[in-house]
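**Q** Below: one structure in structure tokens.
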Amino acid sequence: MSARRTTLTAWLFLAPALVLLAAFSFWPVGFGSYLAFTDYSLIRPTAWVGLDNFRYIFDNEMFVTGLTNSLVFLLMVPFVQVGALGLAVLVNNRLPGIRLFRAAFYVPVVTTVSVVGIMWGFMFHEQGALNYVLMAMRFVDAPVGWLSNDTLALFCIMFVTLWRGLGWYMVMYLAALQAVPADMQEAAILDGANRWQRFWKITVPMLRPTIMVCTILSVLAALKAYQEVDVLTQGGPMNSTFTALYYAYDQGLKHLKLPRALAASFVVSVFCVGIAMLCLRYLKPRHK
């Protein structure tokens with residue numbers, strides 16, 4: 001009786017959260033996935049069309065470009081993780097003013113995307129600060145169109161995304177670094193291990209769970225890139241910065257082609273789940 005009462009109490013505490021998840025997560029995902037296989041419209045009856053929406057988007061050059069760009073965004077993940085771990089190691093030292101540096105590195109995380117877009121829009125403008133510095137240092141002879149060049153624009157957006165994400169992952173790595181037992185480090189010092197050996201043999205293995213979580217989160221963020229694109233380029237120039245999720249937004253809210261938008265979102269979700277499973281398989285800590 002006691003065990004049953006404990007179980008019932010646990011479910012009662014979980015019930016409010018489960019209701020909210022069901023209403024705002026499970027039901028929208030399930031119903032949206034169903035609508036991806038229909039010709040849903042606000043003004044006519046819905047009919048089942050099977051894979052027609054998926055055939056359409058994969059025959060559409062804009063979606064293929066967007067999906068390719070979303071996969072290119074994954075190139076950013078190693079730089080985010082290495083950079084965040086390096087910053088965490090740096091700010092984990094007890095130095096004068098180190099709290100100020102921690103706050104400064106975290107500021108981009110809490111800065112709204114609109115403000116970030118305006119700031120970097122000025123930076124990347126042909127008459128902006130970046131071109132001014134490069135021309136003053138004679139690295140370039142003429143202003144570079146960072147966001148108007150269809151080759152450079154996507155990488156500029158990737159850089160902005162990286163800049164915004166570093167502080168978030170830095171905090172996660174910093175918390176993990178401070179949880180590493182000090183006695184293990186002291187024992188390694190007594191055994192003659194240098195700083196680099198202690199980092200690779202003790203710190204990195206202890207950080208594997210955090211590395212796995214941060215990698216999965218950054219992979220999902222890369223595949224779901226949308227906000228920076230919307231603020232900085234709106235998919236241009238020449239659709240070179242379209243991502244798969246921005247294509248879904250373009251089809252669903254601009255052209256009111258909701259089934260196509262949902263089909264594109266469904267494909268992105270499949271990629272997210274697949275790559276997350278690969279990360280779990282190959283980055284999962286191995287306990288002996």
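Letters A, B, ... mark the chains of the structure tokens in the order given; residue numbers begin at 1 per chain; ligand numbers begin at 1, in order shown.
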Could you give me, as a PyMOL selection string, each residue of region 42-265 of chain A that DSSP assigns to alpha helix (DSSP H) when run on this structure's backbone?
**A** chain A and resi 52-59+61-72+76-91+98-110+113-124+129-136+153-178+182-190+195-198+204-223+227-232+244-249+258-265
**Q** Skip Leu256 (chain A) itself and residues of its chain fewer than 6 positions away, then list as a PyMOL selection string all residues within 10 Å of it, counting only C-alpha atoms.
**A** chain A and resi 41-42+249-250
**Q** Output the selection as a compact mmCIF listing (two decimals), in the first residue's frame - N, CA and C atoms for each residue.
**A**
```txt
# COMPACT_ATOMS: atom_id res chain seq x y z
N SER A 41 -5.67 22.60 -45.64
CA SER A 41 -5.91 24.00 -45.98
C SER A 41 -6.97 24.54 -45.04
N LEU A 42 -6.91 25.83 -44.80
CA LEU A 42 -7.88 26.46 -43.91
C LEU A 42 -9.25 26.62 -44.56
N TYR A 249 9.63 27.98 -42.70
CA TYR A 249 9.01 29.26 -42.34
C TYR A 249 8.51 29.98 -43.60
N ASP A 250 9.32 29.99 -44.65
CA ASP A 250 8.96 30.68 -45.88
C ASP A 250 7.70 30.07 -46.50
```
**Q** Fewer than 4 positions away in the same chain doesn't count, so skip those; otherwise give me all residues within 10 Å of Val77 (chain A), counting only C-alpha atoms, as a PyMOL selection string.
**A** chain A and resi 73+81-83+158+162+214-222
**Q** Next, dump the selected residues to file, keeping only C-alpha atoms, as a compact mmCIF listing (two decimals), in the first residue's frame.
**A**
```txt
# COMPACT_ATOMS: atom_id res chain seq x y z
CA PHE A 73 26.12 24.39 -40.44
CA GLN A 81 32.85 22.81 -28.61
CA VAL A 82 36.61 23.34 -28.74
CA GLY A 83 36.21 27.10 -28.28
CA MET A 158 27.65 30.57 -39.08
CA LEU A 162 29.10 30.40 -33.14
CA CYS A 214 26.91 19.88 -25.47
CA THR A 215 27.67 18.24 -28.81
CA ILE A 216 24.10 17.00 -29.21
CA LEU A 217 22.69 20.42 -28.27
CA SER A 218 24.99 22.23 -30.70
CA VAL A 219 24.16 19.76 -33.49
CA LEU A 220 20.44 20.35 -32.95
CA ALA A 221 20.99 24.12 -32.86
CA ALA A 222 22.96 23.98 -36.12
```
**Q** Would you list the contacts of region 229-246 of chain A as JSON, numbers by chain, taking every protein, DNA or RNA residue within 6 Å and counting only C-alpha atoms, but skipping same-chain residues closer than 6 positions in sequence?
**A** {"A": [66, 67, 69, 70, 117, 148, 150, 154]}
**Q** Quick one: everything within 8 Å of region 175-188 of chain A, counting only C-alpha atoms, minus sequence neighbours fewer than 2 positions away in the same chain. Send it as a list in words.
**A**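 So the residues in contact are Ala88, Val89, Asn92, Val171, Met172, Tyr173, Leu190, Asp191, Gly192, Ala193, Arg198, Ile202, Thr203, Met206, Leu207 and Thr210 of chain A.
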**Q** With a distance cut-off of 12 Å and only C-alpha atoms, select the neighbouring residues of Trp146 (chain A), excluding the residue or stretch itself and same-chain residues fewer than 5 positions from it, and output the selection as a ChimeraX atom specification.
**A** /A:120-131,151-157,159,232-233,236-237
**Q** Between A:Gly167, A:Val72, A:Phe79, A:Leu95, single out the one closest to Val110 (chain A), counting only C-alpha atoms.
**A** A:Gly167
